[in-house]
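Asker: Data: coords06.cif, mmCIF, C-alpha atoms.
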data_run
loop_
_atom_site.label_atom_id
_atom_site.label_comp_id
_atom_site.auth_asym_id
_atom_site.auth_seq_id
_atom_site.Cartn_x
_atom_site.Cartn_y
_atom_site.Cartn_z
CA MET A 1 -59.12 -7.97 -23.07
CA VAL A 2 -62.77 -8.67 -22.09
CA ARG A 3 -65.47 -6.06 -22.62
CA VAL A 4 -68.95 -6.54 -21.11
CA LEU A 5 -71.84 -4.95 -23.07
CA ALA A 6 -75.36 -4.42 -21.67
CA GLY A 7 -78.38 -3.97 -23.98
CA PHE A 8 -82.16 -4.10 -24.01
CA LYS A 9 -84.58 -5.55 -26.60
CA LYS A 10 -88.04 -4.00 -26.59
CA GLU A 11 -90.90 -6.47 -26.93
CA ARG A 12 -94.45 -5.60 -28.05
CA SER A 13 -95.85 -6.78 -24.77
CA GLN A 14 -95.74 -4.44 -21.81
CA SER A 15 -94.09 -7.02 -19.60
CA PRO A 16 -90.76 -6.03 -18.02
CA VAL A 17 -87.78 -6.74 -20.18
CA LYS A 18 -84.81 -8.49 -18.60
CA PRO A 19 -81.39 -7.12 -19.57
CA ARG A 20 -79.24 -9.22 -21.87
CA TYR A 21 -75.44 -9.26 -21.46
CA ASP A 22 -73.21 -9.88 -24.45
CA ILE A 23 -69.51 -10.73 -23.93
CA GLU A 24 -67.15 -9.47 -26.60
CA ILE A 25 -63.51 -10.60 -26.74
CA VAL A 26 -61.24 -7.79 -27.88
CA THR A 27 -57.82 -8.85 -28.96
CA GLY A 28 -56.11 -5.55 -28.11
CA ALA A 29 -53.48 -5.80 -30.85
CA LYS A 30 -51.96 -2.42 -30.01
CA ASP A 31 -51.54 -3.36 -26.35
CA VAL A 32 -49.85 -6.62 -27.28
CA GLU A 33 -47.57 -4.80 -29.70
CA LYS A 34 -46.64 -2.24 -27.02
CA GLU A 35 -45.89 -4.99 -24.50
CA GLY A 36 -43.68 -6.69 -27.09
CA GLN A 37 -41.82 -3.45 -27.77
CA ASP A 38 -41.31 -2.86 -24.03
CA PHE A 39 -40.10 -6.41 -23.69
CA GLN A 40 -37.59 -5.94 -26.52
CA ARG A 41 -36.33 -2.66 -25.04
CA THR A 42 -35.83 -4.41 -21.73
CA LEU A 43 -33.82 -7.13 -23.45
CA ASN A 44 -31.67 -4.53 -25.22
CA ARG A 45 -31.04 -2.78 -21.91
CA ILE A 46 -30.00 -5.83 -19.96
CA ASN A 47 -28.02 -7.53 -22.72
CA PRO A 48 -24.67 -5.84 -21.81
CA ILE A 49 -25.12 -6.83 -18.16
CA PHE A 50 -25.92 -10.53 -18.63
CA GLY A 51 -23.53 -13.09 -19.95
CA ALA A 52 -24.55 -15.41 -22.79
CA ARG A 53 -25.28 -18.35 -20.47
CA ASP A 54 -27.39 -16.21 -18.12
CA MET A 55 -29.34 -14.75 -21.04
CA VAL A 56 -30.22 -18.23 -22.37
CA LYS A 57 -31.34 -19.37 -18.94
CA LEU A 58 -33.41 -16.25 -18.42
CA MET A 59 -35.07 -16.46 -21.83
CA LYS A 60 -36.09 -20.08 -21.18
CA THR A 61 -37.72 -18.97 -17.92
CA VAL A 62 -39.59 -16.17 -19.70
CA GLN A 63 -40.71 -18.39 -22.57
CA ALA A 64 -42.06 -20.92 -20.12
CA GLY A 65 -44.34 -18.20 -18.70
CA ASN A 66 -45.46 -17.19 -22.22
CA CYS A 67 -46.38 -13.69 -21.05
CA PRO A 68 -44.41 -10.57 -22.08
CA GLU A 69 -45.54 -8.54 -19.08
CA ALA A 70 -44.56 -11.22 -16.56
CA GLY A 71 -41.34 -11.82 -18.49
CA ASN A 72 -40.63 -8.10 -18.38
CA LYS A 73 -40.99 -8.09 -14.61
CA LYS A 74 -38.86 -11.20 -14.20
CA ILE A 75 -36.13 -9.79 -16.41
CA MET A 76 -36.09 -6.47 -14.57
CA GLN A 77 -35.72 -8.26 -11.25
CA GLU A 78 -32.78 -10.24 -12.60
CA TYR A 79 -31.39 -7.09 -14.20
CA GLU A 80 -31.47 -5.13 -10.94
CA LYS A 81 -29.79 -8.03 -9.14
CA LYS A 82 -27.08 -8.28 -11.79
CA GLU A 83 -26.65 -4.51 -11.88
CA LYS A 84 -25.99 -4.42 -8.14
CA GLN A 85 -23.45 -7.21 -8.52
CA VAL A 86 -21.72 -5.32 -11.32
CA GLU A 87 -21.59 -2.13 -9.23
CA VAL A 88 -20.10 -4.01 -6.28
CA ARG A 89 -17.53 -5.65 -8.56
CA LYS A 90 -16.62 -2.27 -10.08
CA LYS A 91 -16.13 -0.75 -6.63
CA ILE A 92 -13.92 -3.67 -5.58
CA GLU A 93 -11.84 -3.43 -8.75
CA TYR A 94 -11.48 0.34 -8.33
CA SER A 95 -10.39 -0.09 -4.71
CA MET A 96 -7.83 -2.73 -5.73
CA GLN A 97 -6.46 -0.52 -8.51
CA LEU A 98 -6.27 2.44 -6.14
CA ASN A 99 -4.39 0.39 -3.54
CA ALA A 100 -2.02 -0.94 -6.22
CA SER A 101 -1.33 2.63 -7.37
CA ARG A 102 -0.64 3.75 -3.82
CA ILE A 103 1.74 0.83 -3.28
CA LYS A 104 3.60 1.74 -6.48
CA VAL A 105 3.92 5.36 -5.34
CA LEU A 106 5.18 4.33 -1.90
CA GLN A 107 7.64 1.87 -3.46
CA ALA A 108 8.95 4.58 -5.78
CA GLN A 109 9.37 6.94 -2.82
CA ASP A 110 11.22 4.25 -0.86
CA ASP A 111 13.52 3.70 -3.83
CA VAL A 112 14.39 7.41 -3.92
CA VAL A 113 15.06 7.49 -0.16
CA ASN A 114 17.21 4.35 -0.31
CA GLU A 115 19.20 5.78 -3.19
CA MET A 116 19.89 8.88 -1.11
CA LYS A 117 21.08 6.77 1.82
CA GLU A 118 23.24 4.63 -0.45
CA SER A 119 24.79 7.77 -1.92
CA ALA A 120 25.51 9.11 1.59
CA SER A 121 27.01 5.75 2.57
CA LYS A 122 29.43 5.94 -0.37
CA GLU A 123 30.48 9.42 0.73
CA LEU A 124 31.52 7.99 4.11
CA LEU A 125 34.34 6.15 2.36
CA ASN A 126 35.93 9.52 1.62
CA VAL A 127 35.96 10.65 5.27
CA SER A 128 39.21 8.82 6.05
CA ASN A 129 41.00 10.44 3.09
CA ASP A 130 41.85 13.46 5.23
CA HIS A 131 43.94 11.84 8.00
CA HIS A 132 43.97 14.90 10.26
CA VAL A 133 40.20 15.29 10.23
CA TYR A 134 39.62 11.56 10.53
CA LYS A 135 42.07 11.28 13.43
CA ASN A 136 40.15 13.89 15.45
CA LEU A 137 36.89 12.18 14.52
CA LEU A 138 38.17 8.87 15.89
CA LYS A 139 39.09 10.53 19.19
CA ASP A 140 35.62 12.07 19.45
CA VAL A 141 33.79 8.79 18.80
CA ILE A 142 35.99 6.98 21.33
CA VAL A 143 35.19 9.59 24.01
CA GLN A 144 31.50 9.42 23.19
CA SER A 145 31.53 5.62 23.41
CA LEU A 146 33.30 5.70 26.81
CA VAL A 147 30.68 8.13 28.13
CA ARG A 148 27.90 5.76 27.02
CA LEU A 149 29.50 2.65 28.51
CA LYS A 150 30.91 4.16 31.72
CA GLU A 151 33.07 1.07 32.22
CA PRO A 152 36.48 1.05 33.96
CA ALA A 153 37.88 -1.25 31.27
CA VAL A 154 36.73 -1.69 27.68
CA LEU A 155 37.63 -3.57 24.52
CA LEU A 156 37.98 -1.48 21.35
CA ARG A 157 37.59 -2.79 17.82
CA CYS A 158 38.39 -0.78 14.68
CA LEU A 159 39.51 -1.18 11.08
CA LYS A 160 42.90 -2.74 10.58
CA ASP A 161 44.06 0.38 8.68
CA ASP A 162 42.91 2.60 11.57
CA VAL A 163 44.85 0.89 14.37
CA HIS A 164 47.78 3.32 14.22
CA LEU A 165 45.44 6.32 14.28
CA VAL A 166 43.50 4.90 17.25
CA VAL A 167 46.73 4.29 19.17
CA SER A 168 47.82 7.88 18.53
CA VAL A 169 44.64 9.37 20.07
CA LEU A 170 43.98 6.80 22.80
CA ASP A 171 45.66 8.64 25.70
CA SER A 172 44.03 11.99 24.89
CA ALA A 173 40.65 10.28 24.59
CA LYS A 174 41.07 8.68 28.04
CA GLU A 175 41.96 12.00 29.66
CA GLU A 176 39.09 13.84 28.03
CA TYR A 177 36.62 11.18 29.15
CA ALA A 178 37.97 11.17 32.72
CA SER A 179 37.63 14.96 32.98
CA LYS A 180 34.08 14.89 31.59
CA VAL A 181 32.76 12.15 33.87
CA ASN A 182 35.08 12.91 36.79
CA VAL A 183 36.49 9.38 37.06
CA ASP A 184 39.86 7.75 36.64
CA PRO A 185 40.99 7.15 33.06
CA PRO A 186 39.70 3.74 31.91
CA GLU A 187 41.71 0.87 30.51
CA ILE A 188 41.27 0.43 26.78
CA PHE A 189 42.36 -2.78 25.06
CA ILE A 190 42.53 -2.87 21.27
CA ASP A 191 41.00 -6.08 19.94
CA ASP A 192 43.06 -8.30 17.65
CA VAL A 193 39.90 -8.90 15.61
CA HIS A 194 39.19 -6.00 13.27
CA LEU A 195 36.06 -4.54 11.72
CA PRO A 196 35.30 -5.65 8.12
CA PRO A 197 36.97 -3.38 5.56
CA ALA A 198 35.21 -1.10 3.10
CA PRO A 199 33.48 -2.82 0.16
CA SER A 200 35.60 -3.74 -2.83
CA HIS A 201 35.18 -5.54 -6.15
CA HIS A 202 35.93 -8.84 -4.40
CA ASN A 203 33.52 -8.17 -1.52
CA ALA A 204 30.80 -5.91 -2.88
CA HIS A 205 27.83 -7.39 -0.97
CA GLY A 206 29.39 -8.64 2.27
CA PRO A 207 29.55 -6.85 5.64
CA PHE A 208 31.74 -3.75 5.64
CA CYS A 209 32.66 -0.73 7.74
CA SER A 210 33.52 2.76 6.55
CA GLY A 211 35.32 3.74 9.76
CA GLY A 212 34.78 4.48 13.44
CA VAL A 213 34.96 2.14 16.42
CA VAL A 214 33.02 -0.45 18.40
CA LEU A 215 33.50 -0.54 22.17
CA ALA A 216 32.40 -3.32 24.53
CA SER A 217 32.67 -4.12 28.22
CA ARG A 218 35.31 -6.70 29.11
CA ASP A 219 32.68 -9.40 29.62
CA GLY A 220 31.08 -8.53 26.24
CA LYS A 221 27.61 -7.99 27.72
CA ILE A 222 27.47 -4.31 26.76
CA VAL A 223 28.38 -3.29 23.21
CA TYR A 224 28.27 0.21 21.76
CA GLU A 225 28.63 0.44 17.99
CA ASN A 226 29.92 3.87 17.02
CA THR A 227 31.00 3.29 13.43
CA LEU A 228 30.37 5.84 10.71
CA ASP A 229 27.79 3.52 9.18
CA ALA A 230 25.90 3.11 12.46
CA ARG A 231 25.92 6.88 12.98
CA LEU A 232 24.54 7.36 9.46
CA ASP A 233 21.71 4.90 10.21
CA VAL A 234 20.79 6.74 13.41
CA ALA A 235 20.90 10.18 11.78
CA PHE A 236 19.03 9.04 8.67
CA ASN A 237 16.22 7.34 10.63
CA LYS A 238 15.89 10.38 12.87
CA LYS A 239 15.67 12.76 9.92
CA LEU A 240 13.61 10.47 7.69
CA PRO A 241 10.27 12.31 8.22
CA GLU A 242 11.94 15.61 7.32
CA ILE A 243 13.65 14.03 4.32
CA ARG A 244 10.36 12.63 3.02
CA LYS A 245 8.61 15.93 3.56
CA TRP A 246 11.35 17.85 1.77
CA LEU A 247 11.39 15.42 -1.16
CA PHE A 248 7.76 14.55 -1.74
CA ASP A 249 5.82 17.57 -0.44
CA GLN A 250 7.60 19.67 -3.04
CA VAL A 251 6.63 17.17 -5.74
CA ALA A 252 2.99 17.23 -4.58
CA ALA A 253 3.01 21.02 -4.58
#
Show me, as structure tokens, the structure contained in the file I just sent.
Answerer:
Amino acid sequence: MVRVLAGFKKERSQSPVKPRYDIEIVTGAKDVEKEGQDFQRTLNRINPIFGARDMVKLMKTVQAGNCPEAGNKKIMQEYEKKEKQVEVRKKIEYSMQLNASRIKVLQAQDDVVNEMKESASKELLNVSNDHHVYKNLLKDVIVQSLVRLKEPAVLLRCLKDDVHLVVSVLDSAKEEYASKVNVDPPEIFIDDVHLPPAPSHHNAHGPFCSGGVVLASRDGKIVYENTLDARLDVAFNKKLPEIRKWLFDQVAA
């Protein structure tokens, strides 16, 4: 700190006296001490933000300037820059964690829904246990398939164990279709190739069919799959929004 002092010396003569300026250098020890304390507080504040390598680099830059006040300013600039980077990184990490949590929740919900469908699929295997009910069901799905195809001649494929039941309802199914559509009864040929049987210990993961029929035009260009499994897929996909709402809205509530 530089202080300029002005003073006058009176001479005995009456001539004008020129002013004399004395320059006094004041060390300002308290100011230096305060700057040092501010500098140290700044270092303590930024220390958690900076890594060890960045701190060493920054301190070398400050020491080269040899001025606490300028070093303070330089450090604060670097601190603000680092602080912004940390905030951005925190926001990114939070967003990633939030997305990961949402994915886990959605995956858990899908698992519950798939378990429900798998349970319903297993119940289909019990439909054929009551032969009277299953026999009428086969007639209904055959009529429905004929209405969809509207072909004068079709090829029918079913389970090997269901062939005798299909044969027993074939004539009544033809007549019912003809009366509904107002056409002549169609020709229905039972395919020698059968649908894959229900899953067993020997074939637990292969293709299978729980029952029903598949009808196709004679040239094979039009195929209508009306198996119990296909009907379950259609019904389940149609009702899926309601199923999710019933399951998970109650949990949220």
Asker: So what do you get for atom CA of Leu138 of chain A versus atom CA of Gly212 of chain A, distance-wise?
Answerer: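 The value is 6.1 Å.
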Asker: In Å, rounded to a single decimal, give me how far atom CA of Val213 of chain A is from atom CA of Leu165 of chain A.
Answerer: 11.5 Å
Asker: Work out how far apart atom CA of Asn129 of chain A and atom CA of Ala198 of chain A are and give it in Å to one decimal.
Answerer: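 Separation of atom CA of Asn129 of chain A and atom CA of Ala198 of chain A: 12.9 Å.
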Asker: Taking only C-alpha atoms into account, name the residue in A:Lys174, A:Lys160, A:Lys221, A:Arg89 that is nearest to Asp192 of chain A.
Answerer: A:Lys160
Asker: Env of Phe248 of chain A: 12 Å cut, atoms = only C-alpha atoms, seq-sep filter 3 positions within chain, self excluded. Answer as an mmCIF file with C-alpha atoms, in the frame of the given file.
Answerer:
data_model
loop_
_atom_site.group_PDB
_atom_site.id
_atom_site.type_symbol
_atom_site.label_atom_id
_atom_site.label_comp_id
_atom_site.auth_asym_id
_atom_site.auth_seq_id
_atom_site.Cartn_x
_atom_site.Cartn_y
_atom_site.Cartn_z
ATOM 1 C CA VAL A 105 3.920 5.360 -5.340
ATOM 2 C CA LEU A 106 5.180 4.330 -1.900
ATOM 3 C CA ALA A 108 8.950 4.580 -5.780
ATOM 4 C CA GLN A 109 9.370 6.940 -2.820
ATOM 5 C CA ASP A 110 11.220 4.250 -0.860
ATOM 6 C CA VAL A 112 14.390 7.410 -3.920
ATOM 7 C CA VAL A 113 15.060 7.490 -0.160
ATOM 8 C CA LEU A 240 13.610 10.470 7.690
ATOM 9 C CA PRO A 241 10.270 12.310 8.220
ATOM 10 C CA GLU A 242 11.940 15.610 7.320
ATOM 11 C CA ILE A 243 13.650 14.030 4.320
ATOM 12 C CA ARG A 244 10.360 12.630 3.020
ATOM 13 C CA LYS A 245 8.610 15.930 3.560
ATOM 14 C CA VAL A 251 6.630 17.170 -5.740
ATOM 15 C CA ALA A 252 2.990 17.230 -4.580
ATOM 16 C CA ALA A 253 3.010 21.020 -4.580
#
Asker: Closest to Glu123 of chain A among A:Ser179, A:Gln144, A:Asn136, A:Ser210, using only C-alpha atoms?
Answerer: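 Between A:Ser179, A:Gln144, A:Asn136, A:Ser210, the residue approaching Glu123 of chain A most closely is A:Ser210.
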Asker: Once you've located segment 134-147 of chain A in the structure I gave, write it as an mmCIF file, in the first residue's frame, keeping all heavy atoms.
Answerer:
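Everything below was put into selection_10.cif:
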data_model
loop_
_atom_site.group_PDB
_atom_site.id
_atom_site.type_symbol
_atom_site.label_atom_id
_atom_site.label_comp_id
_atom_site.auth_asym_id
_atom_site.auth_seq_id
_atom_site.Cartn_x
_atom_site.Cartn_y
_atom_site.Cartn_z
ATOM 1 N N TYR A 134 -65.736 -80.265 -24.829
ATOM 2 C CA TYR A 134 -64.697 -80.053 -25.829
ATOM 3 C C TYR A 134 -65.204 -80.382 -27.229
ATOM 4 O O TYR A 134 -64.848 -79.701 -28.205
ATOM 5 C CB TYR A 134 -63.482 -80.904 -25.493
ATOM 6 C CG TYR A 134 -62.296 -80.678 -26.406
ATOM 7 C CD1 TYR A 134 -61.762 -79.410 -26.585
ATOM 8 C CD2 TYR A 134 -61.713 -81.738 -27.099
ATOM 9 C CE1 TYR A 134 -60.683 -79.187 -27.422
ATOM 10 C CE2 TYR A 134 -60.628 -81.531 -27.937
ATOM 11 C CZ TYR A 134 -60.116 -80.252 -28.094
ATOM 12 O OH TYR A 134 -59.045 -80.030 -28.934
ATOM 13 N N LYS A 135 -66.075 -81.371 -27.332
ATOM 14 C CA LYS A 135 -66.644 -81.743 -28.622
ATOM 15 C C LYS A 135 -67.469 -80.590 -29.202
ATOM 16 O O LYS A 135 -67.356 -80.256 -30.388
ATOM 17 C CB LYS A 135 -67.524 -82.988 -28.446
ATOM 18 C CG LYS A 135 -68.194 -83.493 -29.717
ATOM 19 C CD LYS A 135 -69.006 -84.735 -29.406
ATOM 20 C CE LYS A 135 -69.767 -85.216 -30.625
ATOM 21 N NZ LYS A 135 -70.562 -86.442 -30.332
ATOM 22 N N ASN A 136 -68.312 -79.967 -28.378
ATOM 23 C CA ASN A 136 -69.093 -78.814 -28.835
ATOM 24 C C ASN A 136 -68.200 -77.627 -29.176
ATOM 25 O O ASN A 136 -68.476 -76.860 -30.106
ATOM 26 C CB ASN A 136 -70.102 -78.414 -27.753
ATOM 27 C CG ASN A 136 -71.198 -79.441 -27.582
ATOM 28 O OD1 ASN A 136 -71.556 -80.144 -28.533
ATOM 29 N ND2 ASN A 136 -71.736 -79.557 -26.374
ATOM 30 N N LEU A 137 -67.119 -77.470 -28.413
ATOM 31 C CA LEU A 137 -66.170 -76.390 -28.688
ATOM 32 C C LEU A 137 -65.521 -76.580 -30.051
ATOM 33 O O LEU A 137 -65.359 -75.616 -30.817
ATOM 34 C CB LEU A 137 -65.106 -76.334 -27.591
ATOM 35 C CG LEU A 137 -63.999 -75.297 -27.763
ATOM 36 C CD1 LEU A 137 -64.571 -73.883 -27.804
ATOM 37 C CD2 LEU A 137 -62.960 -75.408 -26.653
ATOM 38 N N LEU A 138 -65.156 -77.821 -30.377
ATOM 39 C CA LEU A 138 -64.542 -78.097 -31.679
ATOM 40 C C LEU A 138 -65.503 -77.759 -32.816
ATOM 41 O O LEU A 138 -65.102 -77.185 -33.834
ATOM 42 C CB LEU A 138 -64.138 -79.570 -31.758
ATOM 43 C CG LEU A 138 -62.848 -79.967 -31.043
ATOM 44 C CD1 LEU A 138 -62.653 -81.481 -31.093
ATOM 45 C CD2 LEU A 138 -61.637 -79.260 -31.641
ATOM 46 N N LYS A 139 -66.772 -78.103 -32.650
ATOM 47 C CA LYS A 139 -67.755 -77.773 -33.686
ATOM 48 C C LYS A 139 -67.850 -76.257 -33.870
ATOM 49 O O LYS A 139 -67.887 -75.761 -35.005
ATOM 50 C CB LYS A 139 -69.126 -78.351 -33.314
ATOM 51 C CG LYS A 139 -70.161 -78.212 -34.435
ATOM 52 C CD LYS A 139 -71.557 -78.511 -33.953
ATOM 53 C CE LYS A 139 -72.097 -77.304 -33.195
ATOM 54 N NZ LYS A 139 -73.562 -77.410 -32.923
ATOM 55 N N ASP A 140 -67.865 -75.523 -32.763
ATOM 56 C CA ASP A 140 -67.976 -74.067 -32.847
ATOM 57 C C ASP A 140 -66.773 -73.432 -33.542
ATOM 58 O O ASP A 140 -66.932 -72.511 -34.356
ATOM 59 C CB ASP A 140 -68.124 -73.477 -31.442
ATOM 60 C CG ASP A 140 -69.462 -73.822 -30.801
ATOM 61 O OD1 ASP A 140 -70.403 -74.172 -31.545
ATOM 62 O OD2 ASP A 140 -69.553 -73.754 -29.562
ATOM 63 N N VAL A 141 -65.572 -73.910 -33.233
ATOM 64 C CA VAL A 141 -64.385 -73.310 -33.864
ATOM 65 C C VAL A 141 -64.308 -73.688 -35.337
ATOM 66 O O VAL A 141 -63.786 -72.907 -36.154
ATOM 67 C CB VAL A 141 -63.093 -73.706 -33.112
ATOM 68 C CG1 VAL A 141 -63.099 -73.162 -31.698
ATOM 69 C CG2 VAL A 141 -62.866 -75.206 -33.112
ATOM 70 N N ILE A 142 -64.811 -74.849 -35.706
ATOM 71 C CA ILE A 142 -64.833 -75.235 -37.125
ATOM 72 C C ILE A 142 -65.783 -74.328 -37.895
ATOM 73 O O ILE A 142 -65.457 -73.822 -38.983
ATOM 74 C CB ILE A 142 -65.239 -76.717 -37.280
ATOM 75 C CG1 ILE A 142 -64.126 -77.629 -36.749
ATOM 76 C CG2 ILE A 142 -65.519 -77.045 -38.752
ATOM 77 C CD1 ILE A 142 -64.517 -79.099 -36.684
ATOM 78 N N VAL A 143 -66.988 -74.095 -37.332
ATOM 79 C CA VAL A 143 -67.959 -73.209 -37.985
ATOM 80 C C VAL A 143 -67.382 -71.797 -38.111
ATOM 81 O O VAL A 143 -67.490 -71.156 -39.169
ATOM 82 C CB VAL A 143 -69.281 -73.193 -37.196
ATOM 83 C CG1 VAL A 143 -70.225 -72.134 -37.765
ATOM 84 C CG2 VAL A 143 -69.940 -74.561 -37.223
ATOM 85 N N GLN A 144 -66.784 -71.314 -37.072
ATOM 86 C CA GLN A 144 -66.197 -69.970 -37.099
ATOM 87 C C GLN A 144 -65.110 -69.876 -38.168
ATOM 88 O O GLN A 144 -65.017 -68.873 -38.886
ATOM 89 C CB GLN A 144 -65.622 -69.617 -35.727
ATOM 90 C CG GLN A 144 -65.106 -68.193 -35.625
ATOM 91 C CD GLN A 144 -64.456 -67.908 -34.286
ATOM 92 O OE1 GLN A 144 -63.551 -68.632 -33.875
ATOM 93 N NE2 GLN A 144 -64.920 -66.879 -33.598
ATOM 94 N N SER A 145 -64.296 -70.895 -38.278
ATOM 95 C CA SER A 145 -63.212 -70.895 -39.271
ATOM 96 C C SER A 145 -63.773 -70.924 -40.687
ATOM 97 O O SER A 145 -63.250 -70.238 -41.586
ATOM 98 C CB SER A 145 -62.303 -72.105 -39.044
ATOM 99 O OG SER A 145 -61.772 -72.104 -37.741
ATOM 100 N N LEU A 146 -64.837 -71.687 -40.914
ATOM 101 C CA LEU A 146 -65.467 -71.733 -42.241
ATOM 102 C C LEU A 146 -66.040 -70.378 -42.619
ATOM 103 O O LEU A 146 -65.938 -69.939 -43.776
ATOM 104 C CB LEU A 146 -66.575 -72.795 -42.255
ATOM 105 C CG LEU A 146 -66.114 -74.260 -42.171
ATOM 106 C CD1 LEU A 146 -67.311 -75.181 -41.967
ATOM 107 C CD2 LEU A 146 -65.349 -74.659 -43.429
ATOM 108 N N VAL A 147 -66.643 -69.694 -41.648
ATOM 109 C CA VAL A 147 -67.197 -68.364 -41.909
ATOM 110 C C VAL A 147 -66.078 -67.392 -42.297
ATOM 111 O O VAL A 147 -66.257 -66.555 -43.188
ATOM 112 C CB VAL A 147 -67.958 -67.849 -40.671
ATOM 113 C CG1 VAL A 147 -68.358 -66.388 -40.842
ATOM 114 C CG2 VAL A 147 -69.200 -68.702 -40.405
#
